[in-house]
file run.cif (mmCIF, C-alpha atoms)
data_final
#
loop_
_atom_site.label_atom_id
_atom_site.label_comp_id
_atom_site.auth_asym_id
_atom_site.auth_seq_id
_atom_site.Cartn_x
_atom_site.Cartn_y
_atom_site.Cartn_z
CA MET W 64 76.99 40.61 109.37
CA ALA W 65 80.31 39.81 107.70
CA ARG W 66 78.80 40.32 104.27
CA CYS W 67 77.27 43.70 105.02
CA ALA W 68 79.93 46.38 105.37
CA LYS W 69 77.57 48.83 107.08
CA CYS W 70 76.48 46.21 109.65
CA ALA W 71 80.09 45.25 110.35
CA ALA W 72 81.02 48.90 110.81
CA LEU W 73 78.09 49.41 113.16
CA ALA W 74 79.05 46.31 115.18
CA ARG W 75 82.63 47.56 115.45
CA GLU W 76 81.42 50.96 116.53
CA VAL W 77 79.19 49.41 119.23
CA GLU W 78 82.09 47.26 120.46
CA ASP W 79 84.44 50.26 120.56
CA PHE W 80 81.91 52.27 122.50
CA ASP W 81 81.44 49.46 125.03
CA ALA W 82 85.22 49.17 125.37
CA ARG W 83 85.35 52.89 126.15
CA ILE W 84 82.71 52.46 128.85
CA HIS W 85 84.62 49.51 130.28
CA ASP W 86 87.94 51.39 130.32
CA ALA W 87 86.36 54.40 131.99
CA ALA W 88 84.73 52.25 134.68
CA MET W 89 88.03 50.56 135.56
CA VAL W 90 89.13 53.08 138.16
CA PRO W 91 92.50 52.29 139.82
CA VAL W 92 92.32 49.98 142.82
CA PRO W 93 94.47 50.81 145.87
CA GLU W 94 97.48 48.54 146.17
CA ALA W 95 97.31 45.65 148.63
CA LEU W 96 93.55 46.09 149.13
CA ALA W 97 92.97 42.33 149.42
CA ASP W 98 95.87 42.08 151.89
CA ARG W 99 94.33 44.76 154.08
CA VAL W 100 90.94 43.04 154.00
CA LEU W 101 92.55 39.74 154.98
CA LEU W 102 94.72 41.35 157.63
CA ARG W 103 91.73 42.80 159.42
CA HIS W 104 89.86 39.57 159.05
CA LYS W 105 92.65 37.25 160.21
CA VAL W 106 93.81 39.27 163.15
CA ARG W 107 90.49 38.97 164.84
CA GLU W 108 89.53 35.55 163.50
CA PRO W 109 91.40 33.14 165.82
CA ALA W 110 88.88 33.91 168.54
CA ARG W 111 86.07 32.57 166.38
CA PHE W 112 87.06 28.96 166.04
CA GLY W 113 86.56 26.23 168.58
CA GLY W 114 83.43 24.64 169.89
CA PHE W 115 80.78 25.77 172.28
CA GLY W 116 82.90 24.92 175.36
CA PHE W 117 85.79 26.98 174.08
CA GLY W 118 83.39 29.83 173.39
CA ILE W 119 82.17 29.88 176.99
CA TRP W 120 85.73 29.97 178.33
CA ALA W 121 86.67 32.61 175.79
CA LEU W 122 83.66 34.68 176.84
CA ALA W 123 84.53 34.33 180.51
CA ALA W 124 88.16 35.23 179.86
CA SER W 125 87.10 38.20 177.72
CA LEU W 126 84.85 39.46 180.50
CA ILE W 127 87.63 39.24 183.08
CA ILE W 128 90.07 40.97 180.71
CA ALA W 129 87.48 43.62 179.81
CA ILE W 130 86.85 44.38 183.48
CA GLY W 131 90.61 44.60 184.04
CA VAL W 132 91.06 46.89 181.04
CA VAL W 133 88.20 49.15 182.17
CA ILE W 134 89.71 49.44 185.65
CA HIS W 135 93.16 50.01 184.17
CA LEU W 136 91.93 52.66 181.72
CA HIS W 137 89.84 54.32 184.40
CA ARG W 138 92.92 54.62 186.59
CA ALA W 139 95.04 55.70 183.65
CA ASP W 140 92.41 58.25 182.69
CA ILE W 141 92.58 59.91 186.07
CA GLY W 142 96.36 59.81 186.02
CA ASP W 143 96.95 60.88 182.45
CA GLU W 144 94.92 64.05 182.85
CA GLU W 145 97.75 65.15 185.12
CA ARG W 146 100.60 63.40 183.39
CA ILE W 147 100.56 64.65 179.80
CA ALA W 148 104.17 65.47 179.26
CA THR W 149 105.62 68.09 176.94
CA SER W 150 108.53 67.57 174.54
CA ALA W 151 110.76 69.51 176.92
CA ALA W 152 109.94 67.11 179.75
CA VAL W 153 110.66 63.89 177.84
CA GLY W 154 113.36 65.20 175.50
CA GLU W 155 113.42 65.50 171.68
CA GLY W 156 114.79 61.97 171.28
CA HIS W 157 111.86 60.27 173.03
CA ALA W 158 109.93 57.64 171.12
CA ALA W 159 106.66 59.59 171.46
CA ILE W 160 108.18 62.75 169.95
CA ALA W 161 109.85 60.74 167.17
CA ALA W 162 106.53 59.02 166.43
CA ILE W 163 104.57 62.30 166.24
CA SER W 164 107.23 63.82 163.98
CA TYR W 165 107.15 60.79 161.71
CA VAL W 166 103.36 60.87 161.52
CA LEU W 167 103.25 64.57 160.66
CA ASP W 168 106.25 64.69 158.35
CA HIS W 169 106.12 61.38 156.50
CA GLU W 170 102.72 59.78 156.83
CA PRO W 171 100.85 62.01 154.34
CA GLN W 172 103.33 61.04 151.63
CA LEU W 173 103.14 57.34 152.55
CA LEU W 174 99.34 57.45 152.29
CA LYS W 175 99.59 59.24 148.97
CA GLU W 176 101.97 56.64 147.56
CA ASN W 177 99.51 53.96 148.61
CA VAL W 178 102.17 51.25 148.89
CA SER W 179 101.65 48.87 151.76
CA GLY W 180 103.88 46.37 153.48
CA ASP W 181 103.49 42.71 154.32
CA PRO W 182 100.30 41.98 156.31
CA ALA W 183 101.78 38.71 157.59
CA VAL W 184 104.57 40.61 159.37
CA MET W 185 102.04 43.00 160.86
CA ARG W 186 99.78 40.17 161.94
CA SER W 187 102.64 38.41 163.63
CA ALA W 188 103.67 41.63 165.43
CA LEU W 189 100.12 42.16 166.70
CA MET W 190 99.91 38.60 167.93
CA ARG W 191 103.30 38.72 169.62
CA LEU W 192 102.17 41.80 171.51
CA GLY W 193 98.80 40.25 172.36
CA LEU W 194 96.87 42.99 170.60
CA LYS W 195 93.99 42.75 168.16
CA LEU W 196 92.72 45.13 165.55
CA PRO W 197 89.25 46.52 166.13
CA ALA W 198 86.69 44.28 164.49
CA LYS W 199 84.23 46.93 163.38
CA GLY W 200 84.33 50.33 161.81
CA THR W 201 88.11 50.45 161.42
CA THR W 202 90.04 50.23 158.19
CA VAL W 203 93.77 49.73 157.76
CA ARG W 204 94.89 52.56 155.47
CA TYR W 205 98.58 51.80 155.47
CA LEU W 206 100.99 49.28 156.84
CA GLY W 207 104.75 49.42 156.67
CA LYS W 208 107.92 50.00 158.69
CA CYS W 209 108.97 53.12 160.50
CA PRO W 210 111.99 54.15 162.56
CA VAL W 211 111.79 54.07 166.36
CA PRO W 212 114.65 55.01 168.72
CA SER W 213 115.49 51.35 169.32
CA GLY W 214 115.39 50.33 165.66
CA GLU W 215 112.32 49.68 163.55
CA GLY W 216 108.61 49.48 164.27
CA GLU W 217 105.57 48.19 162.39
CA HIS W 218 103.56 51.16 161.26
CA LEU W 219 99.78 51.03 160.82
CA VAL W 220 97.51 53.89 159.86
CA LEU W 221 93.94 53.20 160.88
CA GLN W 222 90.80 55.03 159.87
CA THR W 223 88.52 54.78 162.88
CA PRO W 224 85.10 56.23 163.78
CA PHE W 225 87.01 58.78 165.87
CA GLY W 226 89.45 59.82 163.13
CA GLN W 227 92.76 58.73 161.70
CA VAL W 228 95.00 57.07 164.25
CA THR W 229 98.54 55.74 163.92
CA LEU W 230 99.63 52.59 165.69
CA ILE W 231 103.31 51.67 165.86
CA LEU W 232 104.16 48.20 167.11
CA VAL W 233 107.56 47.53 168.59
CA PRO W 234 107.75 43.83 169.48
CA GLU W 235 110.49 42.55 171.80
CA GLN W 236 111.77 46.05 172.57
CA SER W 237 111.20 48.21 175.58
CA LEU W 238 110.58 51.93 175.12
CA GLY W 239 110.43 52.57 178.85
CA PRO W 240 107.44 53.20 181.13
CA ARG W 241 104.09 54.45 179.88
CA VAL W 242 104.21 58.10 178.83
CA VAL W 243 101.61 60.36 177.23
CA VAL W 244 103.04 63.32 175.34
CA ALA W 245 101.40 66.29 173.62
CA TYR W 246 103.47 67.77 170.78
CA ARG W 247 102.70 69.66 167.54
CA ASP W 248 98.91 69.32 167.98
CA ARG W 249 99.12 65.57 168.38
CA THR W 250 99.01 63.25 171.37
CA ALA W 251 101.08 60.10 171.58
CA ALA W 252 101.00 57.34 174.16
CA VAL W 253 103.97 55.01 174.48
CA SER W 254 103.06 51.90 176.43
CA PRO W 255 105.05 48.86 177.50
CA LEU W 256 103.64 45.38 177.07
CA ARG W 257 104.93 42.04 178.32
CA SER W 258 106.68 41.34 175.02
CA GLY W 259 107.44 44.76 173.62
CA SER W 260 105.84 48.16 173.31
CA TYR W 261 103.37 50.10 171.21
CA ILE W 262 102.86 53.76 170.34
CA VAL W 263 99.51 55.33 169.47
CA VAL W 264 99.40 58.77 167.84
CA ALA W 265 96.13 60.65 167.35
CA ASP W 266 94.81 64.19 167.39
CA SER W 267 93.52 63.89 170.95
CA LEU W 268 94.08 61.91 174.13
CA ARG W 269 90.50 60.72 173.87
CA ALA W 270 91.16 59.16 170.44
CA VAL W 271 94.39 57.58 171.70
CA LYS W 272 92.53 55.96 174.58
CA GLN W 273 89.63 54.86 172.44
CA LEU W 274 92.00 53.00 170.18
CA GLU W 275 93.90 51.48 173.10
CA GLN W 276 90.62 50.25 174.48
CA MET W 277 89.82 48.60 171.17
CA LEU W 278 93.24 46.97 170.88
CA MET W 279 93.11 45.14 174.18
CA MET T 14 90.60 21.52 159.44
CA LEU T 15 87.11 22.58 158.46
CA PHE T 16 87.93 26.09 159.61
CA GLU T 17 91.14 26.11 157.57
CA GLY T 18 89.27 25.00 154.46
CA ARG T 19 86.69 27.69 154.94
CA GLN T 20 89.39 30.22 155.69
CA SER T 21 91.42 29.46 152.56
CA LYS T 22 88.28 29.55 150.41
CA PHE T 23 87.44 32.92 151.90
CA GLU T 24 90.97 34.16 151.18
CA ASN T 25 90.65 33.10 147.55
CA VAL T 26 87.34 34.92 147.29
CA VAL T 27 88.81 38.10 148.79
CA ARG T 28 91.73 37.99 146.35
CA ALA T 29 89.48 37.26 143.40
CA PHE T 30 86.79 39.87 143.99
CA SER T 31 88.16 42.73 146.10
CA ALA T 32 89.32 44.76 143.08
CA GLU T 33 86.07 44.60 141.14
CA LEU T 34 84.02 45.17 144.31
CA TYR T 35 86.16 48.23 145.04
CA ARG T 36 85.44 49.61 141.58
CA TYR T 37 81.72 49.00 142.01
CA ALA T 38 81.84 50.59 145.47
CA TYR T 39 83.75 53.55 144.07
CA TRP T 40 81.06 54.18 141.48
CA LEU T 41 78.36 53.90 144.12
CA CYS T 42 79.89 56.42 146.52
CA ARG T 43 82.59 58.10 144.36
CA GLU T 44 84.97 58.44 147.30
CA ARG T 45 87.99 56.18 147.44
CA PHE T 46 88.39 55.80 151.21
CA LEU T 47 84.69 55.17 151.57
CA ALA T 48 84.84 52.63 148.76
CA GLU T 49 87.53 50.73 150.65
CA ASP T 50 85.45 50.83 153.83
CA LEU T 51 82.53 49.40 151.89
CA VAL T 52 84.69 46.56 150.58
CA GLN T 53 86.00 45.82 154.09
CA GLU T 54 82.48 45.79 155.51
CA THR T 55 81.24 43.63 152.66
CA PHE T 56 83.80 40.93 153.39
CA THR T 57 83.22 41.19 157.14
CA ARG T 58 79.53 40.56 156.60
CA ALA T 59 80.24 37.86 154.05
CA TRP T 60 82.43 35.98 156.53
CA GLN T 61 79.80 36.29 159.25
CA SER T 62 77.26 34.62 156.95
CA TRP T 63 79.73 32.32 155.20
CA GLU T 64 78.11 29.15 156.47
CA GLY T 65 74.83 30.15 154.87
CA LEU T 66 76.41 30.20 151.41
CA ARG T 67 75.12 27.06 149.70
CA ASP T 68 76.21 27.61 146.11
CA ASP T 69 79.84 28.57 145.44
CA LYS T 70 78.90 29.87 142.01
CA ALA T 71 76.62 32.43 143.59
CA VAL T 72 79.36 33.99 145.69
CA LYS T 73 80.06 36.84 143.28
CA SER T 74 76.47 38.09 142.98
CA TRP T 75 76.08 37.52 146.74
CA LEU T 76 79.04 39.85 147.43
CA TYR T 77 77.70 42.49 145.07
CA THR T 78 74.34 42.32 146.82
CA ILE T 79 75.95 42.66 150.26
CA LEU T 80 77.97 45.66 149.07
CA ARG T 81 74.92 47.26 147.51
CA ASN T 82 72.88 46.76 150.71
CA GLU T 83 75.73 48.01 152.85
CA HIS T 84 75.96 51.16 150.74
CA ALA T 85 72.22 51.69 150.97
CA ARG T 86 72.32 51.16 154.74
CA LEU T 87 75.11 53.69 155.22
CA PHE T 88 73.68 56.27 152.87
CA GLU T 89 69.97 55.76 153.41
CA LYS T 90 69.57 59.21 154.90
CA LYS T 91 71.67 60.95 152.28
CA ARG T 92 70.27 59.04 149.33
CA ILE T 93 68.93 61.12 146.48
CA GLU T 94 65.54 59.92 145.42
CA ILE T 95 65.51 58.42 141.96
CA ASP T 96 62.77 59.36 139.57
CA GLU T 97 62.07 56.14 137.70
CA THR T 98 60.13 58.01 135.03
CA GLN T 99 62.99 60.36 134.24
CA GLU T 100 63.37 60.83 130.51
CA LEU T 101 66.59 60.71 128.56
CA ASP T 102 66.61 64.41 127.70
CA GLU T 103 66.29 65.32 131.37
CA VAL T 104 69.21 63.01 132.15
CA VAL T 105 71.44 64.66 129.60
CA ASP T 106 70.44 68.17 130.56
CA SER T 107 71.04 67.49 134.24
CA GLY T 108 74.62 66.31 133.61
CA SER T 109 77.37 68.32 135.23
CA MET T 110 79.60 70.62 133.22
CA ASN T 111 82.47 68.25 134.00
CA ALA T 112 80.94 65.82 131.55
CA TYR T 113 82.19 68.05 128.77
CA GLU T 114 85.75 68.13 129.94
CA SER T 115 88.72 65.88 129.32
CA PHE T 116 87.74 62.59 130.96
CA GLU T 117 84.49 62.70 129.17
CA MET T 118 83.41 59.07 129.44
CA ARG T 119 84.20 58.82 133.15
CA ASP T 120 82.39 62.08 133.79
CA ALA T 121 79.52 60.96 131.62
CA ILE T 122 79.11 57.76 133.68
CA GLU T 123 79.19 59.89 136.78
CA ALA T 124 76.52 62.17 135.34
CA LEU T 125 74.13 59.28 134.76
CA PRO T 126 71.32 58.91 137.26
CA LYS T 127 71.90 56.08 139.73
CA SER T 128 69.08 54.00 138.27
CA TYR T 129 70.91 53.87 134.93
CA ARG T 130 74.46 53.80 136.21
CA GLU T 131 74.02 50.87 138.55
CA PRO T 132 72.83 48.22 136.09
CA LEU T 133 75.39 49.42 133.58
CA LEU T 134 78.24 48.99 136.09
CA LEU T 135 76.96 45.61 137.21
CA GLN T 136 77.11 44.56 133.58
CA VAL T 137 80.42 46.20 132.69
CA LEU T 138 82.38 45.55 135.90
CA GLY T 139 80.69 42.43 137.22
CA GLY T 140 79.90 40.83 133.87
CA PHE T 141 76.38 40.00 135.06
CA ASN T 142 73.56 39.26 132.63
CA CYS T 143 70.17 40.97 132.72
CA SER T 144 68.57 38.29 134.86
CA GLU T 145 71.37 38.45 137.47
CA ILE T 146 71.24 42.26 137.53
CA ALA T 147 67.47 42.07 137.97
CA GLY T 148 67.99 39.75 140.96
CA THR T 149 70.59 42.00 142.57
CA MET T 150 68.57 45.18 142.07
CA ASN T 151 65.26 43.56 142.81
CA ILE T 152 63.66 44.84 139.60
CA SER T 153 62.30 43.08 136.50
CA GLU T 154 64.52 41.86 133.70
CA GLY T 155 62.64 44.13 131.29
CA ALA T 156 63.41 47.15 133.45
CA VAL T 157 67.08 46.18 133.44
CA MET T 158 67.14 46.00 129.63
CA THR T 159 65.42 49.38 129.34
CA ARG T 160 67.84 50.98 131.76
CA LEU T 161 70.87 49.51 130.05
CA THR T 162 69.71 50.81 126.68
CA ARG T 163 68.92 54.22 128.10
CA ALA T 164 72.24 54.36 129.92
CA ARG T 165 74.15 53.71 126.70
CA LEU T 166 72.05 56.24 124.79
CA ALA T 167 72.67 58.82 127.48
CA LEU T 168 76.40 58.14 127.41
CA ARG T 169 76.46 58.52 123.64
CA LYS T 170 74.62 61.80 123.89
CA LEU T 171 76.78 63.09 126.73
CA THR T 172 80.08 62.16 125.12
CA GLY T 173 78.82 63.42 121.75
CA GLN T 174 77.97 66.78 123.27
CA ALA T 175 81.39 66.93 124.85
CA THR T 176 83.02 66.41 121.48
CA GLU T 177 80.77 69.00 119.85
CA ARG T 178 81.60 71.50 122.57
CA LYS T 179 85.32 70.92 122.13
CA GLU T 180 85.05 71.45 118.38
CA LYS T 181 83.14 74.70 118.89
CA VAL T 182 85.86 75.94 121.21
CA ARG T 183 88.46 75.25 118.48
#
call {"tool": "encode", "arguments": {"input": "run.cif", "output": "structure tokens"}}
result
Amino acid sequence: MARCAKCAALAREVEDFDARIHDAAMVPVPEALADRVLLRHKVREPARFGGFGFGIWALAASLIIAIGVVIHLHRADIGDEERIATSAAVGEGHAAIAAISYVLDHEPQLLKENVSGDPAVMRSALMRLGLKLPAKGTTVRYLGKCPVPSGEGEHLVLQTPFGQVTLILVPEQSLGPRVVVAYRDRTAAVSPLRSGSYIVVADSLRAVKQLEQMLM
Amino acid sequence: MLFEGRQSKFENVVRAFSAELYRYAYWLCRERFLAEDLVQETFTRAWQSWEGLRDDKAVKSWLYTILRNEHARLFEKKRIEIDETQELDEVVDSGSMNAYESFEMRDAIEALPKSYREPLLLQVLGGFNCSEIAGTMNISEGAVMTRLTRARLALRKLTGQATERKEKVR
């Protein structure tokens, strides 16, 4: 090959062509993809370990919690139909209004920039609040920080089977009693938890509730 | 302890292969959000079957196979039937007009029929040899070689035509 100039040229040409194919196939990979995969995996994983005995107790506890959540959501469902507040009722400075504004005004740009925050921080926030990310059919599109009236929240954008939903976690801070607000074509639910609060923003109350159901 | 070992091995695998699996997924579905979903699902399924993985060296081809199956499962209804007897000229003629525009190689890869594009991407992105590609695609090694050759010929023809077209325009 080295002795034959034509063969060497042909070999070079073949190599160049393969390099072009390789370069073209290397499409850009979204930043922090591995982190997002691991975040989703880890958040739901603690429930998997342990032996058979642990599994039985976990199953029993899950059933009791699930029944509780169903009853709670059923009650909330009846109530919320009547209690969807407007921006005028809660005031422009309310966490729900601020969250909807942030989602509509800033989120598209954040998704476009494709820069994500630290999954460990997010994981810790979810655990502190006793929430878990849905195990199936949901992808974390973005994670980062966002402003809330009491300071800063952990901001997650989730792609779910029922559309794009934003979840804002506010550990160790109270945002007041549960409120559901409709504003600028979005619905937001602000809910207190034992160790903080969370806000869910979606395009319908149904989507908000579906996500809440999955988080518990 | 055992769980932690398994967990850290899994983390290493996610970090090592998520980028190349994403690229493969992207070329399968050509939609970036969907490609990420496919990668997420692939690792979810991989973790669920992690204990069944006997050979660490096989993890890469195993992940590619899961992703490929997951894609087929999700798109079974939408899948365009592949004509295995399709000739090279038909391939080139059926290419989209985009193939003649600026990102000619990327468009040319996109214009390839799936049966040619897939083994080519497994080779280029995954670095698999013909025998491994044959195993992943469940076809013979000979068929893989034929498809790889035809894929490259088609790409040459497509990118050549793009250049010719550009020169005519000038």
call {"tool": "residues_near_point", "arguments": {"input": "run.cif", "point": "(102.8, 66.6, 176.1)", "cutoff": "8 Å", "atoms": "all atoms listed in the file", "output": "PDB file with C-alpha atoms, in the frame of the given file"}}
result
ATOM      1  CA  ILE W 147     100.560  64.650 179.800  1.00  0.00           C
ATOM      2  CA  ALA W 148     104.170  65.470 179.260  1.00  0.00           C
ATOM      3  CA  THR W 149     105.620  68.090 176.940  1.00  0.00           C
ATOM      4  CA  SER W 150     108.530  67.570 174.540  1.00  0.00           C
ATOM      5  CA  VAL W 243     101.610  60.360 177.230  1.00  0.00           C
ATOM      6  CA  VAL W 244     103.040  63.320 175.340  1.00  0.00           C
ATOM      7  CA  ALA W 245     101.400  66.290 173.620  1.00  0.00           C
ATOM      8  CA  TYR W 246     103.470  67.770 170.780  1.00  0.00           C
ATOM      9  CA  THR W 250      99.010  63.250 171.370  1.00  0.00           C
TER      10      THR W 250
END
call {"tool": "interface_residues", "arguments": {"input": "run.cif", "of": "chain T", "to": "chain W", "cutoff": "6 Å", "atoms": "only C-alpha atoms", "output": "list in words"}}
result
Val27, Arg28, Ser31, Gln53, Arg119 and Val137 of chain T
call {"tool": "resolve_selection", "arguments": {"input": "run.cif", "expression": "the PyMOL selection byres ((chain W and resi 237-239) around 10)", "output": "JSON list (two decimals) with C-alpha atoms, keeping the file's coordinate frame"}}
result
[["chain", "number", "residue", "atom", "x", "y", "z"],
["W", 157, "HIS", "CA", 111.86, 60.27, 173.03],
["W", 158, "ALA", "CA", 109.93, 57.64, 171.12],
["W", 159, "ALA", "CA", 106.66, 59.59, 171.46],
["W", 211, "VAL", "CA", 111.79, 54.07, 166.36],
["W", 212, "PRO", "CA", 114.65, 55.01, 168.72],
["W", 213, "SER", "CA", 115.49, 51.35, 169.32],
["W", 233, "VAL", "CA", 107.56, 47.53, 168.59],
["W", 234, "PRO", "CA", 107.75, 43.83, 169.48],
["W", 235, "GLU", "CA", 110.49, 42.55, 171.80],
["W", 236, "GLN", "CA", 111.77, 46.05, 172.57],
["W", 240, "PRO", "CA", 107.44, 53.20, 181.13],
["W", 241, "ARG", "CA", 104.09, 54.45, 179.88],
["W", 242, "VAL", "CA", 104.21, 58.10, 178.83],
["W", 253, "VAL", "CA", 103.97, 55.01, 174.48],
["W", 254, "SER", "CA", 103.06, 51.90, 176.43],
["W", 255, "PRO", "CA", 105.05, 48.86, 177.50],
["W", 256, "LEU", "CA", 103.64, 45.38, 177.07],
["W", 257, "ARG", "CA", 104.93, 42.04, 178.32],
["W", 258, "SER", "CA", 106.68, 41.34, 175.02],
["W", 259, "GLY", "CA", 107.44, 44.76, 173.62],
["W", 260, "SER", "CA", 105.84, 48.16, 173.31],
["W", 261, "TYR", "CA", 103.37, 50.10, 171.21],
["W", 262, "ILE", "CA", 102.86, 53.76, 170.34]]
call {"tool": "atom_distance", "arguments": {"input": "run.cif", "atom1": "CA of Lys175 in chain W", "atom2": "CA of Arg249 in chain W"}}
result
20.4 Å
call {"tool": "atom_distance", "arguments": {"input": "run.cif", "atom1": "CA of Lys195 in chain W", "atom2": "CA of Thr57 in chain T"}}
result
15.5 Å
call {"tool": "resolve_selection", "arguments": {"input": "run.cif", "expression": "the PyMOL selection byres ((chain T and resi 39-44) around 9)", "output": "NGL selection string"}}
result
(:W and (88 or 90)) or (:T and (34-38 or 45-49 or 51 or 81 or 84 or 88 or 122-123 or 127 or 130-131 or 134))
call {"tool": "resolve_selection", "arguments": {"input": "run.cif", "expression": "the PyMOL selection byres ((chain W and resi 270) around 10)", "output": "PyMOL selection string"}}
result
chain W and resi 223-228+250+263-269+271-276
call {"tool": "atom_distance", "arguments": {"input": "run.cif", "atom1": "CA of Val153 in chain W", "atom2": "CA of Pro210 in chain W"}}
result
18.2 Å
call {"tool": "closest_residue", "arguments": {"input": "run.cif", "among": "T:Lys73, T:Arg86, T:Arg163, T:Lys170", "to": "Ala121 in chain T", "atoms": "all atoms listed in the file"}}
result
T:Lys170
call {"tool": "axis_aligned_box", "arguments": {"input": "run.cif", "around": "range 234-250 of chain W", "padding_each_side": "6 Å", "output": "AutoDock Vina command-line options"}}
result
--center_x 105.3 --center_y 56.1 --center_z 174.3 --size_x 24.9 --size_y 39.1 --size_z 25.6
call {"tool": "residues_near_point", "arguments": {"input": "run.cif", "point": "(67.0, 43.9, 141.9)", "cutoff": "12 Å", "atoms": "all atoms listed in the file", "output": "compact mmCIF listing (two decimals) with C-alpha atoms, in the frame of the given file"}}
result
# COMPACT_ATOMS: atom_id res chain seq x y z
CA SER T 74 76.47 38.09 142.98
CA TYR T 77 77.70 42.49 145.07
CA THR T 78 74.34 42.32 146.82
CA ARG T 81 74.92 47.26 147.51
CA ASN T 82 72.88 46.76 150.71
CA SER T 128 69.08 54.00 138.27
CA GLU T 131 74.02 50.87 138.55
CA PRO T 132 72.83 48.22 136.09
CA LEU T 135 76.96 45.61 137.21
CA CYS T 143 70.17 40.97 132.72
CA SER T 144 68.57 38.29 134.86
CA GLU T 145 71.37 38.45 137.47
CA ILE T 146 71.24 42.26 137.53
CA ALA T 147 67.47 42.07 137.97
CA GLY T 148 67.99 39.75 140.96
CA THR T 149 70.59 42.00 142.57
CA MET T 150 68.57 45.18 142.07
CA ASN T 151 65.26 43.56 142.81
CA ILE T 152 63.66 44.84 139.60
CA SER T 153 62.30 43.08 136.50
CA GLU T 154 64.52 41.86 133.70
CA GLY T 155 62.64 44.13 131.29
CA ALA T 156 63.41 47.15 133.45
CA VAL T 157 67.08 46.18 133.44
call {"tool": "residues_around", "arguments": {"input": "run.cif", "residues": "Leu167 in chain W", "least_positions_apart": "4", "cutoff": "9 Å", "atoms": "only C-alpha atoms", "output": "list in words"}}
result
Ala162, Ile163, Pro171, Arg247 and Arg249 of chain W
